[in-house]
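S.K.: Mind looking over this structure? Questions follow.
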Amino acid sequence: MGTAAIEVRGLWKIFGPKADRIIGSPDAELDSAALRAKTGCTAAVRDVSFEVRPGEVFVVMGLSGSGKSTLVRCLTRLIEPTGGDVAIGGEDVRGMSATQLRELRRHRVSMVFQHFGLLPHRRVLDNVAYGLEIQGVAKAVRHEKARAILSLVGLEGHEDSYPDQLSGGMQQRVGLARALAVDPEVLLFDEPFSALDPLIRRDMQAEVVRLHREVGKTMVFITHDLSEALKLGERIAIMRNGSIVQVGTPEELVGAPADDYVADFVRDVPKSHVLSLRWISRQPDADEPLDGPELPADTVIHDAIPAAMASARPIRVVADGELVGVVDRVDLLGAVRLGEGIGAQAGEALAGTRSSSASASASAPSAEEA
Amino acid sequence: MVAAPADIAPPVPVAERAQRLARWLPAAGAVLVVALYVAFKNTAVLPHDDDASLFHWLNDARDWVDENRNTSPFFLYFVNYVRLGVAELFTLFQTALTALGWPGLIGVAAGLGWLAGGWRIALVSVVGFAGIGALGLWDASVDTLALTLSSVLLSLVIGIPIGILTGRSPRVRRIVSPVLDVMQIMPTFSYLSPIVLLFLIGPASATIATMIYAIPPAIRITALAIQRVPPTAVEASESLGATGGQTLRKVRLPMALNTITLGVNQTIAAALSMVPLVALIAAPGLGVDLIRALARVNVGAALVPGIAIVIIAIVLDRITRSAAVSRARSSAVRWAGFAVAIVAGLALTPVLAPEFPEQWQIQIIRPINDVVGWIEANWYGFTGFLNDTVAYGLLNPLQDVLTSAPWWLITIAVLGFAWRFSGLRAGLVAAGCLVAIAALSLWEHGMETLTIVLVASVITIAVGLALGIAAARSRWFAAVLRPILDAAQTMPSFSYLLPAVALFGNGRFTAIIASLIYAVPVVARLVEDGVRAVPGTVVEAARSAGSTDRQLLWKVQLPMAKSSLLLAANQGIVMTLAMVVIGALVGAGALGYDVVAGIAQQEDYGKGLAAGVALVLLGVMLDRITQGASGRPNSKKKRIA
């Protein structure tokens with residue numbers, strides 16, 4: 001297997017009697033309702049393949065019931081896959097013995113859960129040290145490590161609290177700290193913030209971005225929240241009925257949705273907050289001055305506005321030192337105004353009324369990424 | 001409201017006709033049974049015969065066991081070792097508790113109370129145990145405590161692992177559940193005889209009998225606690241690479257601990273309610289005094305050990321209950337209290353007299369008997385009237401009918417009845433139980449016991465239903481009733497015999513009153529919970545449609561509480577049976593008396609053993625009849641109401 005941190009090939013999970021016989025049979029082509037009616041089985045994950053690069057934040061996004069939580073559990077066989085291959089760090093997970101699998105979970109992959117999964121009878125410190133404890137690490141060592149991790153997630157001073165004495169956001173920080181404490185290569189997040197209040201959620205998302213910058217782990221992040229996916233994901237896989245519909249960068253999803261389903265999903269996303277200058281740059285007209293401000297081609301359109309405000313001259317869009325095109329104020333305004341409608345089938349009129357609220361909710365990500 | 005079952009819904013004419021027929025069938029059946037009774041009265045009756053060949057055969061079997069007790073490998077290498085081991089355990093507890101001395105034991109109890117629930121519980125423990133000393137029953141109480149603790153220890157050592165397995169594995173659950181069901185239906189008397197056969201009379205048998213009664217709650221509650229551990233915590237542990245054993249030790253058990261402690265509480269309560277019964281098989285302790293006094297109808301002398309058992313029950317209940325409720329986030333104060341109380345107690349032991357001081361003891365037997373005498377003299381008009389009304393108005397006529405009807409008619413009637421209310425399978429099991437009782441040559445005694453159970457059940461369910469509904473509808477009434485019911489449920493079951501005996505002397509009616517006090521709290525609680533569980537939105541909708549309170553009750557609350565009502569009826573009847581059987585100690589006779597006699601007298605052993613089996617059969621029969629299959633929604637409810 002290659003150098004990917006995680007490589008998934010043709011993964012299936014079917015719940016129900018004699019599930020393994022369905023893969024490869026004509027029944028595998030049936031949609032979920034027909035499959036359930038015919039065999040009594042439910043296909044939660046259908047023939048899913050993807051790769052996650054080392055250090056990447058890979059988001060799997062889908063509505064509830066799309067199989068995303070099952071998928072992430074199949075990666076470390078918390079749910080046993082029915083078919084297909086999973087490799088983590090080049091090692092075949094499905095072929096691992098119980099002991100090897102335990103070692104994988106102990107040292108290399110850890111997970112953060114939607115409902116935290118904290119142990120109410122243990123102090124925060126002992127919750128965080130739990131992973132080390134089951135590895136057999138001595139008490140003093142694991143407590144020291146746990147304290148360090150707690151300060152990393154901003155929970156110093158709460159070591160001796162019990163989980164139920166903390167707010168939801170703080171509890172999830174404990175969950176995060178517990179996952180980080182074993183210093184894994186890969187962190188799996190199963191909708192970690194969907195049980196939190198919106199404001200706390202935003203803090204926690206920023207926290208994940210910060211942690212990713214500081215510790216640089218490979219992360220697989222499950223969410224049903226598109227703005228969360230766009231904010232965190234370097235690449236996003238969109239799941240529907242157990243299959244992956246499209247994998248791509250936020251720009252690719254928003255700019256070039258693979259099908260109507262994805263298009264419908266990203267319809268309300270303000271394009272100027274996701275798409276880069278590359279999407280709107282054009283060849284300079286003959287009489288245009290080329291001494292305006294210079295911006296990289298992957299600058300988000302929205303973030304180019306200050307530069308355009310500062311200078312009336314067209315912005316020079318460069319990639320790898322080469323001029324790829326220019327963008328002037330009219331282009332920018334057009335992208336902000338009309339960009340709402342790019343790829344959307346909805347009427348132009350709606351876009352105008354929607355844009356204010358939509359851009360408000362989506363303004364945070366670009367601020368983060370800037 | 002109550003949805004029509006699917007088999008009624010299709011508008012096919014044939015089904016409709018069958019449906020009409022089915023509605024008409026019970027009435028026709030009832031008429032037919034009455035007609036058959038009139039026609040075949042006094043034929044095919046099975047009068048009691050003390051010399052039935054089965055009894056002799058069982059006696060011979062007992063003799064064989066007695067002869068081979070020290071030669072058969074089964075006894076030599078298994079049964080006898082179990083007996084010795086259990087007896088050793090009891091002796092160990094007895095020796096240890098005695099060695100503590102009364103100040104030491106009170107100190108330990110206070111320390112544990114302090115640790116579990118702070119100074120209040122410590123105070124309850126001190127006052128309670130000192131009270132036992134003041135009643136002049138210290139030594140007997142220590143024996144009872146030793147017996148209780150050893151059987152509770154065994155129950156937990158065996159029950160908790162089984163409970164964990166049961167909670168973890170659906171396959172084990174499928175095996176364990178029905179076994180526990182039968183164990184809980186079994187009246188306690190029924191297994192005394194076989195245990196005595198295997199383990200002889202004495203503390204070992206008593207401990208084992210107590211354990212059999214006390215182990216089901218230990219298993220059930222442990223299983224429940226393990227099942228209820230949040231799956232996310234377990235998953236989180238597994239995702240970090242914990243082994244099964246690590247997840248069990250570090251996640252499942254700690255998170256289930258509070259609930260399991262409640263299971264310990266229930267186990268202790270069950271064990272204590274066996275105290276007087278195991279005195280019948282020569283267990284030392286408070287039960288001995290109690291049984292002896294009951295036999296002489298000396299209410300005062302029976303009440304004093306009864307009070308001592310209740311006190312032990314309350315102290316142990318409070319300690320374990322607060323241990324279950326309070327988080328074990330060890331506070332230094334509690335540990336300090338624990339240590340101080342124990343050290344103080346132990347330090348006082350060598351200083352104070354080994355016996356509980358005479359001058360601190362109070363004599364209450366005589367005053368109690370004076371009160372009882374006064375009640376007998378002055379209330380006789382009332383108690384005698386009640387007693388006679390129930391005896392001549394209800395018990396005797398019903399018993400006449402049941403004993404003069406042909407056995408096959410009763411069996412068919414039970415089959416039909418159970419079929420109608422709980423389905424064919426339940427009907428067949430119930431009828432099978434009756435046939436087996438006939439085959440055990442105990443038909444007549446079985447019918448006598450059944451008579452008392454039926455009358456007691458009807459009264460119990462009626463009273464429980466009324467109280468439960470009243471409590472569900474009136475906050476005020478519930479506030480008054482709840483603590484009383486709570487207290488009643490902590491008491492060991494037999495303790496209800498004592499006030500009943502005080503009021504009504506010996507006899508069947510006393511057993512009925514005792515079972516009433518025993519079972520009504522549970523029935524009322526289940527009814528109240530069921531009615532209260534009706535969603536507020538539904539009640540609100542019914543009110544907004546203009547329902548009167550009465551309409552609300554009959555058309556909304558009771559139909560929606562149906563499953564609770566069925567459960568209440570079922571529990572009421574099973575508990576009534578258990579109490580009626582114990583009522584043999586106060587002259588309720590029939591099967592329960594056969595068991596007692598079988599233990600007391602060599603030549604009646606066979607009959608006693610058979611009677612024990614008959615009691616189990618009776619219990620299973622009553623349970624199956626009232627189980628209420630889900631497919632038959634309405635009929636059962638109407639009957640109760």
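So you can find residues: chains in the structure tokens are A, B, ... in the order shown, residues in each start at 1, and ligands are numbered from 1 in order.
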Please return, as a PDB file with N, CA and C atoms, in the first residue's frame, all residues of chain B lying within 6 Å of chain A when only C-alpha atoms are considered.
M.R.:
```
ATOM      1  N   THR B 232     -21.583   4.591  24.731  1.00  0.00           N
ATOM      2  CA  THR B 232     -20.512   5.467  24.263  1.00  0.00           C
ATOM      3  C   THR B 232     -19.275   5.328  25.138  1.00  0.00           C
ATOM      4  N   ALA B 233     -19.481   5.169  26.452  1.00  0.00           N
ATOM      5  CA  ALA B 233     -18.330   5.025  27.338  1.00  0.00           C
ATOM      6  C   ALA B 233     -17.591   3.733  27.028  1.00  0.00           C
ATOM      7  N   ALA B 236     -15.803   4.199  23.773  1.00  0.00           N
ATOM      8  CA  ALA B 236     -14.616   5.037  23.935  1.00  0.00           C
ATOM      9  C   ALA B 236     -13.477   4.211  24.496  1.00  0.00           C
ATOM     10  N   SER B 239     -12.179   1.953  21.881  1.00  0.00           N
ATOM     11  CA  SER B 239     -11.461   2.673  20.828  1.00  0.00           C
ATOM     12  C   SER B 239     -10.054   3.021  21.277  1.00  0.00           C
ATOM     13  N   LEU B 240      -9.813   3.004  22.587  1.00  0.00           N
ATOM     14  CA  LEU B 240      -8.467   3.270  23.079  1.00  0.00           C
ATOM     15  C   LEU B 240      -7.673   1.989  23.261  1.00  0.00           C
ATOM     16  N   GLY B 241      -8.276   0.884  22.837  1.00  0.00           N
ATOM     17  CA  GLY B 241      -7.545  -0.367  22.867  1.00  0.00           C
ATOM     18  C   GLY B 241      -7.634  -1.121  24.172  1.00  0.00           C
ATOM     19  N   ALA B 242      -8.689  -0.869  24.968  1.00  0.00           N
ATOM     20  CA  ALA B 242      -8.841  -1.614  26.214  1.00  0.00           C
ATOM     21  C   ALA B 242      -9.234  -3.051  25.901  1.00  0.00           C
TER      22      ALA B 242
END
```
S.K.: Show me, as CSV, the residues of segment 163-244 of chain B having an atom within 6 Å of segment 265-277 of chain B, each with the closest atom pair and its distance in Å, using only C-alpha atoms.
M.R.:
```
residue,atom,partner,partner_atom,distance
B:Thr210,CA,B:Ala271,CA,5.5
B:Ala214,CA,B:Thr267,CA,4.9
B:Pro217,CA,B:Thr267,CA,5.9
B:Ala218,CA,B:Thr267,CA,5.8
```
S.K.: Take the selection from the previous step and output its residues with C-alpha atoms, as a PDB file, in the first residue's frame.
M.R.:
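The result, written out as out.pdb:
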```pdb
ATOM      1  CA  THR B 210     -31.950 -18.047  52.037  1.00  0.00           C
ATOM      2  CA  ALA B 214     -32.040 -13.809  47.722  1.00  0.00           C
ATOM      3  CA  PRO B 217     -32.467  -9.770  42.704  1.00  0.00           C
ATOM      4  CA  ALA B 218     -28.653  -9.899  42.800  1.00  0.00           C
TER       5      ALA B 218
END
```
S.K.: When you look at segment 511-522 of chain B with a cut-off of 8 Å (counting only C-alpha atoms), what residues show up, excluding the ones that are within fewer than 2 positions of it in the same chain? I need them as a PyMOL selection string.
M.R.: chain B and resi 452-453+455-457+459-461+463-464+485-486+488-489+493-494+496-497+500+507-509+524-526+568+571-572+575-577+579-580+582-584+586+588
S.K.: Go ahead and save the residues from that selection, with N, CA and C atoms, as a JSON list (two decimals), in the first residue's frame.
M.R.:
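Output saved as result-v3.json:
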```json
[["chain", "number", "residue", "atom", "x", "y", "z"],
["B", 452, "ILE", "N", -57.91, -19.58, 49.21],
["B", 452, "ILE", "CA", -57.44, -18.43, 49.99],
["B", 452, "ILE", "C", -56.74, -17.43, 49.07],
["B", 453, "VAL", "N", -55.94, -17.96, 48.14],
["B", 453, "VAL", "CA", -55.21, -17.07, 47.25],
["B", 453, "VAL", "C", -56.17, -16.23, 46.41],
["B", 455, "VAL", "N", -59.36, -15.39, 46.99],
["B", 455, "VAL", "CA", -60.05, -14.37, 47.77],
["B", 455, "VAL", "C", -59.09, -13.23, 48.13],
["B", 456, "ALA", "N", -57.89, -13.62, 48.59],
["B", 456, "ALA", "CA", -56.91, -12.59, 48.98],
["B", 456, "ALA", "C", -56.51, -11.73, 47.79],
["B", 457, "SER", "N", -56.36, -12.37, 46.63],
["B", 457, "SER", "CA", -55.94, -11.61, 45.44],
["B", 457, "SER", "C", -56.98, -10.60, 45.04],
["B", 459, "ILE", "N", -59.24, -9.15, 46.85],
["B", 459, "ILE", "CA", -59.25, -8.02, 47.80],
["B", 459, "ILE", "C", -58.00, -7.15, 47.58],
["B", 460, "THR", "N", -56.85, -7.82, 47.44],
["B", 460, "THR", "CA", -55.59, -7.09, 47.27],
["B", 460, "THR", "C", -55.64, -6.19, 46.03],
["B", 461, "ILE", "N", -56.08, -6.76, 44.93],
["B", 461, "ILE", "CA", -56.07, -6.01, 43.68],
["B", 461, "ILE", "C", -57.07, -4.86, 43.76],
["B", 463, "VAL", "N", -58.11, -3.25, 46.47],
["B", 463, "VAL", "CA", -57.59, -2.19, 47.34],
["B", 463, "VAL", "C", -56.41, -1.48, 46.68],
["B", 464, "GLY", "N", -55.51, -2.27, 46.09],
["B", 464, "GLY", "CA", -54.34, -1.69, 45.44],
["B", 464, "GLY", "C", -54.72, -0.77, 44.30],
["B", 485, "LEU", "N", -45.96, 3.35, 51.78],
["B", 485, "LEU", "CA", -45.69, 2.21, 50.89],
["B", 485, "LEU", "C", -44.20, 1.90, 50.86],
["B", 486, "ASP", "N", -43.37, 2.95, 50.83],
["B", 486, "ASP", "CA", -41.92, 2.74, 50.83],
["B", 486, "ASP", "C", -41.50, 1.95, 52.06],
["B", 488, "ALA", "N", -43.35, 0.10, 53.90],
["B", 488, "ALA", "CA", -43.91, -1.26, 53.87],
["B", 488, "ALA", "C", -43.06, -2.17, 53.01],
["B", 489, "GLN", "N", -42.45, -1.60, 51.96],
["B", 489, "GLN", "CA", -41.67, -2.46, 51.08],
["B", 489, "GLN", "C", -40.30, -2.82, 51.65],
["B", 493, "SER", "N", -41.19, -9.76, 54.66],
["B", 493, "SER", "CA", -42.58, -10.08, 54.37],
["B", 493, "SER", "C", -43.37, -10.65, 55.55],
["B", 494, "PHE", "N", -42.73, -11.55, 56.31],
["B", 494, "PHE", "CA", -43.50, -12.23, 57.36],
["B", 494, "PHE", "C", -43.95, -11.25, 58.44],
["B", 496, "TYR", "N", -45.64, -8.89, 58.39],
["B", 496, "TYR", "CA", -47.05, -8.51, 58.26],
["B", 496, "TYR", "C", -47.99, -9.50, 58.92],
["B", 497, "LEU", "N", -47.44, -10.70, 59.17],
["B", 497, "LEU", "CA", -48.28, -11.68, 59.86],
["B", 497, "LEU", "C", -48.62, -11.19, 61.26],
["B", 500, "ALA", "N", -51.49, -8.85, 61.88],
["B", 500, "ALA", "CA", -52.70, -9.59, 61.48],
["B", 500, "ALA", "C", -53.09, -10.58, 62.57],
["B", 507, "GLY", "N", -55.63, -18.26, 61.72],
["B", 507, "GLY", "CA", -56.64, -18.70, 60.76],
["B", 507, "GLY", "C", -56.39, -18.18, 59.37],
["B", 508, "ARG", "N", -57.27, -18.58, 58.47],
["B", 508, "ARG", "CA", -57.10, -18.22, 57.07],
["B", 508, "ARG", "C", -57.21, -16.71, 56.87],
["B", 509, "PHE", "N", -58.12, -16.09, 57.61],
["B", 509, "PHE", "CA", -58.34, -14.66, 57.40],
["B", 509, "PHE", "C", -57.09, -13.86, 57.74],
["B", 524, "ALA", "N", -50.38, -1.06, 44.41],
["B", 524, "ALA", "CA", -50.73, 0.36, 44.36],
["B", 524, "ALA", "C", -49.63, 1.15, 43.63],
["B", 525, "ARG", "N", -48.37, 0.81, 43.92],
["B", 525, "ARG", "CA", -47.25, 1.50, 43.29],
["B", 525, "ARG", "C", -47.28, 1.32, 41.78],
["B", 526, "LEU", "N", -47.50, 0.08, 41.35],
["B", 526, "LEU", "CA", -47.51, -0.19, 39.90],
["B", 526, "LEU", "C", -48.67, 0.53, 39.22],
["B", 568, "ALA", "N", -49.48, -5.31, 37.63],
["B", 568, "ALA", "CA", -49.89, -5.18, 39.02],
["B", 568, "ALA", "C", -50.71, -6.39, 39.46],
["B", 571, "GLN", "N", -48.31, -9.42, 39.73],
["B", 571, "GLN", "CA", -47.47, -9.33, 40.93],
["B", 571, "GLN", "C", -48.31, -9.54, 42.18],
["B", 572, "GLY", "N", -49.48, -8.92, 42.21],
["B", 572, "GLY", "CA", -50.35, -9.04, 43.37],
["B", 572, "GLY", "C", -50.67, -10.50, 43.66],
["B", 575, "MET", "N", -47.47, -12.51, 44.77],
["B", 575, "MET", "CA", -47.09, -12.16, 46.14],
["B", 575, "MET", "C", -48.10, -12.70, 47.14],
["B", 576, "THR", "N", -49.36, -12.65, 46.76],
["B", 576, "THR", "CA", -50.40, -13.18, 47.65],
["B", 576, "THR", "C", -50.16, -14.66, 47.92],
["B", 577, "LEU", "N", -49.84, -15.38, 46.85],
["B", 577, "LEU", "CA", -49.58, -16.80, 47.03],
["B", 577, "LEU", "C", -48.44, -17.01, 48.02],
["B", 579, "MET", "N", -47.44, -15.20, 50.40],
["B", 579, "MET", "CA", -47.82, -14.87, 51.77],
["B", 579, "MET", "C", -48.81, -15.87, 52.33],
["B", 580, "VAL", "N", -49.75, -16.29, 51.50],
["B", 580, "VAL", "CA", -50.74, -17.27, 51.96],
["B", 580, "VAL", "C", -50.03, -18.55, 52.41],
["B", 582, "ILE", "N", -46.96, -18.77, 53.59],
["B", 582, "ILE", "CA", -46.34, -18.50, 54.89],
["B", 582, "ILE", "C", -47.42, -18.49, 55.97],
["B", 583, "GLY", "N", -48.62, -18.12, 55.56],
["B", 583, "GLY", "CA", -49.75, -18.08, 56.50],
["B", 583, "GLY", "C", -49.99, -19.43, 57.17],
["B", 584, "ALA", "N", -49.41, -20.49, 56.62],
["B", 584, "ALA", "CA", -49.53, -21.78, 57.28],
["B", 584, "ALA", "C", -49.00, -21.71, 58.70],
["B", 586, "VAL", "N", -49.57, -19.47, 60.75],
["B", 586, "VAL", "CA", -50.60, -18.97, 61.65],
["B", 586, "VAL", "C", -51.94, -19.63, 61.35],
["B", 588, "ALA", "N", -53.20, -21.08, 58.44],
["B", 588, "ALA", "CA", -53.93, -21.04, 57.18],
["B", 588, "ALA", "C", -53.96, -22.41, 56.49]]
```
S.K.: Any idea what's packed within 10 Å of Ser69 of chain A, counting only C-alpha atoms, ignoring anything in its chain fewer than 5 positions away? Could you give it as a list of chain:residue names?
M.R.: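 Neighbouring residues, sequence-local ones excluded: A:Ala44, A:Val45, A:Val60, A:Met61, A:Gly62, A:Ser64, A:Cys74, A:Ile79, A:Phe113, A:Gln114, A:Phe189, A:Asp190, A:Glu191, A:Phe221, A:Ile222, A:Thr223.
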S.K.: Could you write out the selected residues, including N, CA and C atoms, as an mmCIF file, in the first residue's frame?
M.R.:
```
data_model
loop_
_atom_site.group_PDB
_atom_site.id
_atom_site.type_symbol
_atom_site.label_atom_id
_atom_site.label_comp_id
_atom_site.auth_asym_id
_atom_site.auth_seq_id
_atom_site.Cartn_x
_atom_site.Cartn_y
_atom_site.Cartn_z
ATOM 1 N N ALA A 44 -25.120 0.016 5.382
ATOM 2 C CA ALA A 44 -24.787 1.321 5.962
ATOM 3 C C ALA A 44 -23.639 1.975 5.203
ATOM 4 N N VAL A 45 -22.708 1.159 4.747
ATOM 5 C CA VAL A 45 -21.581 1.675 3.976
ATOM 6 C C VAL A 45 -21.491 0.835 2.707
ATOM 7 N N VAL A 60 -15.682 13.803 6.512
ATOM 8 C CA VAL A 60 -16.744 13.024 5.878
ATOM 9 C C VAL A 60 -18.044 13.667 6.298
ATOM 10 N N MET A 61 -18.799 14.106 5.306
ATOM 11 C CA MET A 61 -19.995 14.845 5.672
ATOM 12 C C MET A 61 -21.209 14.216 5.015
ATOM 13 N N GLY A 62 -22.299 14.166 5.766
ATOM 14 C CA GLY A 62 -23.524 13.583 5.235
ATOM 15 C C GLY A 62 -24.629 13.782 6.232
ATOM 16 N N SER A 64 -27.909 12.562 8.632
ATOM 17 C CA SER A 64 -27.993 11.418 9.534
ATOM 18 C C SER A 64 -28.532 10.218 8.750
ATOM 19 N N CYS A 74 -15.682 1.697 11.202
ATOM 20 C CA CYS A 74 -15.091 0.582 10.464
ATOM 21 C C CYS A 74 -13.575 0.751 10.341
ATOM 22 N N ILE A 79 -16.705 -1.231 14.549
ATOM 23 C CA ILE A 79 -17.720 -2.007 13.854
ATOM 24 C C ILE A 79 -16.968 -2.811 12.805
ATOM 25 N N PHE A 113 -15.751 11.281 20.522
ATOM 26 C CA PHE A 113 -17.120 10.846 20.271
ATOM 27 C C PHE A 113 -18.137 11.978 20.411
ATOM 28 N N GLN A 114 -19.253 11.788 19.733
ATOM 29 C CA GLN A 114 -20.311 12.796 19.772
ATOM 30 C C GLN A 114 -20.797 13.044 21.199
ATOM 31 N N PHE A 189 -12.782 11.874 14.531
ATOM 32 C CA PHE A 189 -13.801 12.657 15.244
ATOM 33 C C PHE A 189 -15.170 12.236 14.728
ATOM 34 N N ASP A 190 -16.022 11.737 15.626
ATOM 35 C CA ASP A 190 -17.366 11.370 15.185
ATOM 36 C C ASP A 190 -18.350 12.442 15.638
ATOM 37 N N GLU A 191 -18.677 13.354 14.768
ATOM 38 C CA GLU A 191 -19.594 14.456 15.085
ATOM 39 C C GLU A 191 -19.333 15.015 16.475
ATOM 40 N N PHE A 221 -12.706 13.629 10.174
ATOM 41 C CA PHE A 221 -13.695 14.374 10.935
ATOM 42 C C PHE A 221 -15.069 14.117 10.324
ATOM 43 N N ILE A 222 -15.966 13.568 11.148
ATOM 44 C CA ILE A 222 -17.317 13.276 10.674
ATOM 45 C C ILE A 222 -18.238 14.417 11.103
ATOM 46 N N THR A 223 -19.049 14.896 10.199
ATOM 47 C CA THR A 223 -19.989 15.945 10.592
ATOM 48 C C THR A 223 -21.208 15.923 9.681
#
```
S.K.: Could you give me, as a list in words, the residues within 8 Å of Gly216 of chain A, counting only C-alpha atoms and dropping anything in the same chain fewer than 4 positions from it?
M.R.: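 What passes the distance filter is Gly55, Leu211 and His212 of chain A.
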S.K.: Those selected residues, please, written with C-alpha atoms and delivered as a short mmCIF file (atom, residue, chain, number, x, y, z; two decimals), in the first residue's frame.
M.R.:
```cif
data_model
loop_
_atom_site.label_atom_id
_atom_site.label_comp_id
_atom_site.auth_asym_id
_atom_site.auth_seq_id
_atom_site.Cartn_x
_atom_site.Cartn_y
_atom_site.Cartn_z
CA GLY A 55 -1.34 15.39 8.24
CA LEU A 211 -4.46 21.84 17.43
CA HIS A 212 -4.05 20.66 13.91
#
```
S.K.: Measure the distance from atom CA of Ile149 of chain A to atom CA of Ala177 of chain A in Å and round it to one decimal.
M.R.: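 These two atoms are separated by 5.8 Å.
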S.K.: For Ser190 of chain B, which residue among B:Asn396, B:Ala430, B:Tyr213, B:Ser177 is the nearest when counting only C-alpha atoms?
M.R.: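 Of all the options, B:Tyr213 lies closest to Ser190 of chain B.
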S.K.: If you run DSSP on this backbone, which residues of segment 47-242 of chain A come out as alpha helix (DSSP H), and could you give them as a compact mmCIF listing (two decimals) with C-alpha atoms, in the first residue's frame?
M.R.:
```txt
# COMPACT_ATOMS: atom_id res chain seq x y z
CA LYS A 68 -20.75 8.27 8.05
CA SER A 69 -20.58 7.22 11.71
CA THR A 70 -20.52 3.57 10.71
CA LEU A 71 -17.77 4.34 8.23
CA VAL A 72 -15.48 5.94 10.79
CA ARG A 73 -16.03 3.02 13.18
CA CYS A 74 -15.09 0.58 10.46
CA LEU A 75 -11.65 2.20 10.22
CA ALA A 98 -7.20 -8.95 18.17
CA THR A 99 -3.89 -8.07 19.81
CA GLN A 100 -2.57 -6.13 16.83
CA LEU A 101 -5.86 -4.29 16.59
CA ARG A 102 -5.64 -3.36 20.26
CA GLU A 103 -2.12 -2.06 19.72
CA VAL A 124 -10.85 14.63 34.50
CA LEU A 125 -7.19 13.79 34.96
CA ASP A 126 -7.91 10.07 35.13
CA ASN A 127 -10.23 10.29 32.16
CA VAL A 128 -7.47 11.83 30.10
CA TYR A 130 -7.29 6.40 30.71
CA GLY A 131 -5.70 5.44 27.39
CA LEU A 132 -2.26 5.43 28.97
CA GLU A 133 -3.55 3.53 31.97
CA ILE A 134 -4.82 0.63 29.89
CA GLN A 135 -1.45 0.56 28.13
CA LYS A 139 0.65 6.46 37.35
CA ALA A 140 3.14 9.31 37.77
CA VAL A 141 4.08 9.25 34.08
CA ARG A 142 0.56 9.15 32.78
CA HIS A 143 -0.61 11.87 35.11
CA GLU A 144 2.23 14.10 34.02
CA LYS A 145 1.37 13.48 30.38
CA ALA A 146 -2.33 14.05 31.07
CA ARG A 147 -1.62 17.37 32.77
CA ALA A 148 0.40 18.51 29.79
CA ILE A 149 -2.39 17.60 27.39
CA LEU A 150 -5.00 19.26 29.60
CA SER A 151 -3.11 22.52 29.43
CA LEU A 152 -2.83 22.10 25.66
CA GLY A 168 -20.55 20.41 27.49
CA GLY A 169 -17.76 22.23 25.67
CA MET A 170 -15.31 21.53 28.46
CA GLN A 171 -16.37 17.90 28.55
CA GLN A 172 -15.56 17.59 24.89
CA ARG A 173 -12.20 19.20 25.51
CA VAL A 174 -11.62 16.34 27.96
CA GLY A 175 -12.65 13.91 25.24
CA LEU A 176 -10.22 15.60 22.90
CA ALA A 177 -7.46 15.52 25.49
CA ARG A 178 -8.09 11.85 26.12
CA ALA A 179 -7.67 11.14 22.43
CA LEU A 180 -4.52 13.25 22.21
CA ALA A 181 -2.94 11.83 25.36
CA PRO A 198 -23.48 26.99 18.40
CA LEU A 199 -21.12 29.45 20.10
CA ILE A 200 -19.23 26.72 21.94
CA ARG A 201 -19.15 24.76 18.73
CA ARG A 202 -17.36 27.62 17.01
CA ASP A 203 -14.78 27.79 19.79
CA MET A 204 -14.19 24.08 19.56
CA GLN A 205 -13.81 24.20 15.80
CA ALA A 206 -11.20 26.92 16.22
CA GLU A 207 -9.58 24.69 18.81
CA VAL A 208 -9.34 21.83 16.35
CA VAL A 209 -7.85 24.12 13.72
CA ARG A 210 -5.32 25.35 16.24
CA LEU A 211 -4.46 21.84 17.43
CA HIS A 212 -4.05 20.66 13.91
CA ARG A 213 -1.62 23.47 13.33
CA GLU A 214 0.26 22.70 16.53
CA VAL A 215 0.37 18.91 16.57
CA LEU A 226 -21.68 21.80 5.97
CA SER A 227 -20.22 24.99 7.38
CA GLU A 228 -18.18 22.91 9.83
CA ALA A 229 -16.99 20.74 6.97
CA LEU A 230 -16.00 23.75 4.88
CA LYS A 231 -14.28 25.37 7.83
CA LEU A 232 -12.19 22.36 8.85
```
